[in-house]
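> Got a structure here, written out as structure tokens. Questions coming.
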Amino acid sequence: GIPFADKTLVIKEMQNQSNIAGGEDGGTGLNVWDGSLLLARYLEKKPEVIRHKTVLELGSGCGLVGIASGILGASEVIMTDLLYALPLMRENVKRNEMLWRGNNKPCQQIECKECDWFRPPPMNKLLGNASEAMHPEVILVADCVWISSLIEPLLQTLKMYTMDCSTKVVITYQQRGKEAHDEFWNGIHGLFDVVVVDTETSVGLTKPDVFHVFECIKKK
């Protein structure tokens with residue numbers, strides 16, 4: 001279990017399946033990555049970022065960050081990933097239901113939906129009829145930048161889903177290679193006004209130098 005917000009989160013993982021059908025990500029959505037733990041810890045220290053808000057997560061994997069958001073008081077969480085990752089994600093949502101759902105808890109629902117960055121579905125398909133929101137107030141992305149081929153599709157998906165300039169995007173990622181880092185860095189700064197967060201100064205959270213936390217608002 002993962003101690004979190006005075007509770008214990010239980011997140012089941014599975015072996016990566018690199019031969020997975022349609023897995024442009026190399027089947028990496030079945031594990032908890034360090035960038036996900038970092039984003040969950042950052043939100044734990046700064047829950048006002050998501051509390052009482054509609055949250056969309058891209059590349060949710062096995063669901064740690066989205067479930068953590070529900071526990072911290074997001075009103076609605078839509079977690080997304082490729083189709084192969086959804087059964088494990090849904091299992092983990094159910095497994096931790098007692099932690100995020102309850103009479104006195106703000107979180108109304110956590111949903112798991114397919115979103116392929118090469119063919120991102122329209123926002124109304126992700127939010128669905130049950131949602132009162134027309135757009136997410138916050139978009140979360142944890143450790144989703146490691147292959148160059150996924151960077152442009154991710155950036156275009158973020159561009160599409162931040163039509164409303166008030167949407168805040170919070171990203172954690174691990175710098176793994178200069179080429180991918182430069183492409184992502186330039187791309188994200190081209191679309192958004194980016195604040196590179198010093199987590200130690202702002203919330204007292206120590207992290208290795210290869211990890212970055214960005215808070216982004218779309219350029220007007």
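Letters A, B, ... go to the chains of the structure tokens in the order shown; residues in each chain start at 1; ligands are counted from 1 in the same order.
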What lies within 9 Å of Asn96 in chain A using only C-alpha atoms, ignoring chain neighbours under 3 positions off, as a list in words?
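Listed by chain and then number, they are Thr8, Leu9, Val10, Ile11, Ile67, Glu91, Asn92, Val93, Leu99, Trp100 and Arg101 of chain A.
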> Tell me, as number ranges by chain, which residues lie within 7 Å of range 162-176 of chain A, counting only C-alpha atoms; anything in the same chain fewer than 6 positions away does not count.
A: 35, 39, 136-146, 210-218
> Could the residues in this selection be written to a file with N, CA, C and O atoms, as a CSV table (one decimal), in the first residue's frame?

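So again_13.csv came out as:
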chain,number,residue,atom,x,y,z
A,35,GLY,N,7.1,9.5,-11.8
A,35,GLY,CA,6.4,10.8,-12.0
A,35,GLY,C,5.0,10.8,-11.5
A,35,GLY,O,4.5,11.9,-11.2
A,39,LEU,N,3.6,13.5,-8.8
A,39,LEU,CA,2.4,14.3,-9.0
A,39,LEU,C,1.4,14.1,-7.9
A,39,LEU,O,0.8,15.1,-7.4
A,136,PRO,N,-12.7,20.4,-18.8
A,136,PRO,CA,-12.0,20.2,-17.5
A,136,PRO,C,-11.5,21.5,-17.0
A,136,PRO,O,-11.0,22.3,-17.7
A,137,GLU,N,-11.5,21.6,-15.6
A,137,GLU,CA,-10.9,22.8,-15.0
A,137,GLU,C,-9.4,22.6,-14.8
A,137,GLU,O,-8.6,23.5,-14.8
A,138,VAL,N,-9.0,21.3,-14.7
A,138,VAL,CA,-7.6,20.9,-14.5
A,138,VAL,C,-7.3,19.7,-15.4
A,138,VAL,O,-8.1,18.8,-15.4
A,139,ILE,N,-6.2,19.7,-16.1
A,139,ILE,CA,-5.7,18.5,-16.8
A,139,ILE,C,-4.4,18.1,-16.2
A,139,ILE,O,-3.5,18.9,-15.9
A,140,LEU,N,-4.3,16.8,-15.8
A,140,LEU,CA,-3.1,16.2,-15.2
A,140,LEU,C,-2.4,15.3,-16.2
A,140,LEU,O,-3.0,14.5,-16.9
A,141,VAL,N,-1.1,15.4,-16.2
A,141,VAL,CA,-0.2,14.5,-17.1
A,141,VAL,C,1.0,14.1,-16.2
A,141,VAL,O,1.8,15.0,-15.9
A,142,ALA,N,1.1,12.8,-16.0
A,142,ALA,CA,2.2,12.4,-15.1
A,142,ALA,C,3.1,11.4,-15.9
A,142,ALA,O,2.7,10.4,-16.4
A,143,ASP,N,4.4,11.9,-16.1
A,143,ASP,CA,5.5,11.0,-16.6
A,143,ASP,C,5.1,10.4,-17.9
A,143,ASP,O,5.2,9.2,-18.1
A,144,CYS,N,4.5,11.2,-18.9
A,144,CYS,CA,4.1,10.6,-20.2
A,144,CYS,C,5.0,11.0,-21.3
A,144,CYS,O,4.7,10.8,-22.5
A,145,VAL,N,6.2,11.6,-21.0
A,145,VAL,CA,7.1,12.0,-22.0
A,145,VAL,C,8.4,11.1,-22.0
A,145,VAL,O,9.2,11.3,-21.1
A,146,TRP,N,8.4,10.1,-22.8
A,146,TRP,CA,9.7,9.3,-22.8
A,146,TRP,C,10.0,8.8,-24.2
A,146,TRP,O,11.1,8.5,-24.5
A,210,VAL,N,16.2,15.3,-12.2
A,210,VAL,CA,15.7,14.9,-13.5
A,210,VAL,C,14.2,15.0,-13.6
A,210,VAL,O,13.7,14.8,-14.7
A,211,PHE,N,13.5,15.2,-12.5
A,211,PHE,CA,12.1,15.3,-12.5
A,211,PHE,C,11.7,16.8,-12.5
A,211,PHE,O,12.3,17.6,-11.8
A,212,HIS,N,10.6,17.1,-13.3
A,212,HIS,CA,10.2,18.5,-13.5
A,212,HIS,C,8.7,18.5,-13.1
A,212,HIS,O,7.9,17.6,-13.5
A,213,VAL,N,8.2,19.6,-12.5
A,213,VAL,CA,6.8,19.9,-12.4
A,213,VAL,C,6.5,21.2,-13.0
A,213,VAL,O,7.1,22.2,-12.7
A,214,PHE,N,5.5,21.1,-13.9
A,214,PHE,CA,5.1,22.3,-14.7
A,214,PHE,C,3.6,22.6,-14.3
A,214,PHE,O,2.8,21.7,-14.2
A,215,GLU,N,3.3,23.9,-14.1
A,215,GLU,CA,1.9,24.4,-14.1
A,215,GLU,C,1.7,25.3,-15.3
A,215,GLU,O,2.5,26.2,-15.5
A,216,CYS,N,0.8,25.0,-16.1
A,216,CYS,CA,0.6,25.6,-17.4
A,216,CYS,C,-0.7,26.2,-17.7
A,216,CYS,O,-1.8,25.6,-17.3
A,217,ILE,N,-0.8,27.4,-18.3
A,217,ILE,CA,-2.0,28.0,-18.7
A,217,ILE,C,-1.9,28.3,-20.2
A,217,ILE,O,-0.8,28.8,-20.6
A,218,LYS,N,-2.9,28.0,-21.0
A,218,LYS,CA,-2.7,28.3,-22.4
A,218,LYS,C,-2.5,29.7,-22.8
A,218,LYS,O,-3.0,30.6,-22.1
> Out of A:Lys12, A:Lys7, A:Lys45, A:His181, which residue has the shortest atom-to-atom distance to Thr206 in chain A when counting only C-alpha atoms?
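The answer is A:Lys45, which sits nearest to Thr206 in chain A.
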> List every residue of chain A that DSSP, applied to the backbone of this structure, assigns to strand (DSSP E or B), and report them as an MDAnalysis selection string.
chainID A and resid 2:4 7:9 54:58 76:81 109:114 116 119 138:142 168:174 192:196 211:218
> For Ile147 in chain A, which of A:Glu97, A:Glu111, A:Glu179, A:Asp6 is the closest residue, counting only C-alpha atoms?
A:Glu179
> Could you name the residues that touch Glu114 in chain A at 10 Å or less, counting only C-alpha atoms, but leaving out those on the same chain fewer than 4 positions away, as an mmCIF file with C-alpha atoms, in the first residue's frame?

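Once everything was written out, this is part_19.cif:
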data_model
loop_
_atom_site.group_PDB
_atom_site.id
_atom_site.type_symbol
_atom_site.label_atom_id
_atom_site.label_comp_id
_atom_site.auth_asym_id
_atom_site.auth_seq_id
_atom_site.Cartn_x
_atom_site.Cartn_y
_atom_site.Cartn_z
ATOM 1 C CA LEU A 58 -4.141 11.912 -19.742
ATOM 2 C CA GLY A 59 -2.102 8.707 -19.716
ATOM 3 C CA MET A 79 -8.940 9.158 -16.184
ATOM 4 C CA THR A 80 -7.897 8.206 -19.702
ATOM 5 C CA ASP A 81 -5.476 5.887 -21.460
ATOM 6 C CA LEU A 82 -5.309 3.357 -24.265
ATOM 7 C CA LEU A 83 -7.901 0.596 -24.253
ATOM 8 C CA TYR A 84 -5.586 -2.113 -22.888
ATOM 9 C CA ALA A 85 -4.974 -0.118 -19.667
ATOM 10 C CA LEU A 86 -8.640 0.451 -18.761
ATOM 11 C CA PRO A 120 -8.299 12.022 -29.337
ATOM 12 C CA PRO A 121 -12.073 11.860 -28.822
ATOM 13 C CA LYS A 125 -17.432 12.230 -25.274
ATOM 14 C CA LEU A 126 -15.001 12.161 -22.366
#
> Pick out the residues sitting within 8 Å of Ala5 in chain A, and hand them over as an MDAnalysis selection string; count only C-alpha atoms, and ignore anything fewer than 4 positions along from it in its own chain.
chainID A and resid 44 71:72
> Considering only alpha helix (DSSP H) as DSSP defines it on the backbone, what residues of range 2-158 of chain A qualify? List them as a ChimeraX atom specification.
/A:34-45,64-71,86-95,97-100,123-127,148-158
> Output N, CA and C atoms for every residue in that selection, as a compact mmCIF listing (two decimals), in the first residue's frame.

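File written: out-v5.txt
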# COMPACT_ATOMS: atom_id res chain seq x y z
N ASP A 34 7.52 6.74 -11.31
CA ASP A 34 7.94 7.72 -10.29
C ASP A 34 7.29 9.09 -10.50
N GLY A 35 7.08 9.47 -11.76
CA GLY A 35 6.45 10.75 -12.04
C GLY A 35 5.01 10.81 -11.54
N SER A 36 4.34 9.66 -11.52
CA SER A 36 2.97 9.60 -10.98
C SER A 36 2.99 9.78 -9.47
N LEU A 37 3.93 9.13 -8.82
CA LEU A 37 4.07 9.32 -7.37
C LEU A 37 4.38 10.78 -7.04
N LEU A 38 5.24 11.39 -7.86
CA LEU A 38 5.59 12.80 -7.63
C LEU A 38 4.36 13.70 -7.78
N LEU A 39 3.56 13.47 -8.82
CA LEU A 39 2.38 14.31 -9.02
C LEU A 39 1.36 14.10 -7.90
N ALA A 40 1.18 12.86 -7.48
CA ALA A 40 0.26 12.59 -6.37
C ALA A 40 0.74 13.30 -5.10
N ARG A 41 2.03 13.24 -4.82
CA ARG A 41 2.59 13.91 -3.63
C ARG A 41 2.47 15.44 -3.73
N TYR A 42 2.68 15.96 -4.94
CA TYR A 42 2.55 17.40 -5.14
C TYR A 42 1.11 17.86 -4.87
N LEU A 43 0.15 17.10 -5.39
CA LEU A 43 -1.26 17.45 -5.16
C LEU A 43 -1.64 17.27 -3.69
N GLU A 44 -1.04 16.28 -3.04
CA GLU A 44 -1.29 16.07 -1.61
C GLU A 44 -0.86 17.30 -0.81
N LYS A 45 0.25 17.93 -1.24
CA LYS A 45 0.74 19.14 -0.57
C LYS A 45 -0.03 20.39 -1.00
N LEU A 64 -3.15 5.78 -10.28
CA LEU A 64 -2.75 6.37 -9.00
C LEU A 64 -3.15 7.85 -8.88
N VAL A 65 -2.79 8.66 -9.88
CA VAL A 65 -2.98 10.11 -9.76
C VAL A 65 -4.46 10.47 -9.75
N GLY A 66 -5.24 9.83 -10.62
CA GLY A 66 -6.67 10.13 -10.66
C GLY A 66 -7.38 9.75 -9.38
N ILE A 67 -7.05 8.58 -8.83
CA ILE A 67 -7.66 8.15 -7.57
C ILE A 67 -7.22 9.07 -6.44
N ALA A 68 -5.95 9.45 -6.43
CA ALA A 68 -5.45 10.40 -5.44
C ALA A 68 -6.22 11.72 -5.52
N SER A 69 -6.52 12.16 -6.75
CA SER A 69 -7.28 13.41 -6.94
C SER A 69 -8.67 13.30 -6.33
N GLY A 70 -9.29 12.13 -6.50
CA GLY A 70 -10.60 11.91 -5.90
C GLY A 70 -10.54 11.96 -4.39
N ILE A 71 -9.53 11.34 -3.82
CA ILE A 71 -9.36 11.35 -2.36
C ILE A 71 -9.15 12.77 -1.85
N LEU A 86 -7.41 0.11 -19.48
CA LEU A 86 -8.64 0.45 -18.76
C LEU A 86 -9.10 -0.62 -17.75
N PRO A 87 -9.02 -1.92 -18.05
CA PRO A 87 -9.49 -2.89 -17.05
C PRO A 87 -8.75 -2.79 -15.71
N LEU A 88 -7.42 -2.66 -15.74
CA LEU A 88 -6.65 -2.54 -14.50
C LEU A 88 -6.97 -1.22 -13.80
N MET A 89 -7.11 -0.16 -14.58
CA MET A 89 -7.45 1.15 -14.03
C MET A 89 -8.79 1.09 -13.28
N ARG A 90 -9.79 0.47 -13.93
CA ARG A 90 -11.13 0.36 -13.31
C ARG A 90 -11.07 -0.51 -12.05
N GLU A 91 -10.25 -1.55 -12.11
CA GLU A 91 -10.10 -2.42 -10.93
C GLU A 91 -9.54 -1.63 -9.75
N ASN A 92 -8.56 -0.75 -10.02
CA ASN A 92 -7.97 0.04 -8.95
C ASN A 92 -8.92 1.12 -8.42
N VAL A 93 -9.75 1.67 -9.29
CA VAL A 93 -10.77 2.63 -8.84
C VAL A 93 -11.71 1.94 -7.86
N LYS A 94 -12.14 0.74 -8.24
CA LYS A 94 -13.07 -0.04 -7.38
C LYS A 94 -12.39 -0.43 -6.07
N ARG A 95 -11.14 -0.84 -6.17
CA ARG A 95 -10.37 -1.30 -5.01
C ARG A 95 -10.24 -0.21 -3.94
N GLU A 97 -12.39 2.44 -3.64
CA GLU A 97 -13.64 3.22 -3.64
C GLU A 97 -13.99 3.79 -2.26
N MET A 98 -13.73 3.02 -1.23
CA MET A 98 -14.05 3.48 0.13
C MET A 98 -13.26 4.73 0.51
N LEU A 99 -12.13 4.95 -0.15
CA LEU A 99 -11.28 6.10 0.19
C LEU A 99 -11.76 7.38 -0.48
N TRP A 100 -12.31 7.28 -1.70
CA TRP A 100 -12.67 8.50 -2.43
C TRP A 100 -14.16 8.78 -2.47
N MET A 123 -14.19 16.34 -26.52
CA MET A 123 -14.31 16.52 -25.07
C MET A 123 -15.67 16.07 -24.54
N ASN A 124 -16.73 16.33 -25.29
CA ASN A 124 -18.05 15.95 -24.78
C ASN A 124 -18.20 14.44 -24.65
N LYS A 125 -17.40 13.69 -25.40
CA LYS A 125 -17.43 12.23 -25.27
C LYS A 125 -16.74 11.79 -23.98
N LEU A 126 -15.71 12.51 -23.60
CA LEU A 126 -15.00 12.16 -22.37
C LEU A 126 -15.79 12.58 -21.14
N LEU A 127 -16.35 13.79 -21.16
CA LEU A 127 -17.06 14.29 -19.99
C LEU A 127 -18.43 13.64 -19.86
N SER A 148 9.92 10.10 -28.27
CA SER A 148 9.73 11.29 -29.12
C SER A 148 8.43 11.21 -29.92
N SER A 149 8.09 10.01 -30.39
CA SER A 149 6.93 9.88 -31.27
C SER A 149 5.61 10.22 -30.58
N LEU A 150 5.60 10.22 -29.24
CA LEU A 150 4.37 10.54 -28.51
C LEU A 150 4.26 12.02 -28.13
N ILE A 151 5.35 12.77 -28.29
CA ILE A 151 5.35 14.15 -27.79
C ILE A 151 4.39 15.04 -28.58
N GLU A 152 4.48 15.02 -29.91
CA GLU A 152 3.61 15.88 -30.71
C GLU A 152 2.14 15.50 -30.54
N PRO A 153 1.78 14.20 -30.57
CA PRO A 153 0.38 13.85 -30.30
C PRO A 153 -0.11 14.31 -28.92
N LEU A 154 0.74 14.20 -27.90
CA LEU A 154 0.36 14.68 -26.57
C LEU A 154 0.12 16.19 -26.58
N LEU A 155 1.04 16.94 -27.20
CA LEU A 155 0.90 18.39 -27.26
C LEU A 155 -0.37 18.80 -28.01
N GLN A 156 -0.66 18.12 -29.10
CA GLN A 156 -1.86 18.45 -29.88
C GLN A 156 -3.13 18.11 -29.10
N THR A 157 -3.08 17.01 -28.33
CA THR A 157 -4.23 16.64 -27.49
C THR A 157 -4.44 17.69 -26.40
N LEU A 158 -3.35 18.14 -25.78
CA LEU A 158 -3.46 19.20 -24.77
C LEU A 158 -4.02 20.48 -25.39
> What gap, in Å, lies between CA of Gly29 in chain A and CA of Asp182 in chain A?
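Atom-to-atom, CA of Gly29 in chain A to CA of Asp182 in chain A, that is 23.8 Å.
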> Extract, using only C-alpha atoms, all DNA, RNA and protein residues at most 8 Å from Ser75 in chain A, discarding same-chain residues fewer than 2 positions from it, and format them as a VMD selection string.
chain A and resid 51 to 55 70 73 77 106 to 109
> Rank A:Val32, A:Arg119, A:Val194, A:Gln15 by their smallest atom-to-atom distance to Ile2 in chain A, using only C-alpha atoms, and report the top residue only.
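Ranking A:Val32, A:Arg119, A:Val194, A:Gln15 by distance to Ile2 in chain A, first place goes to A:Val32.
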> Could you check the closest approach to Asn31 in chain A for each of A:Ala180, A:Cys62, A:Leu191, A:Val49 and tell me which residue wins, using only C-alpha atoms?
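Looking only at the distances to Asn31 in chain A, the closest residue turns out to be A:Cys62.
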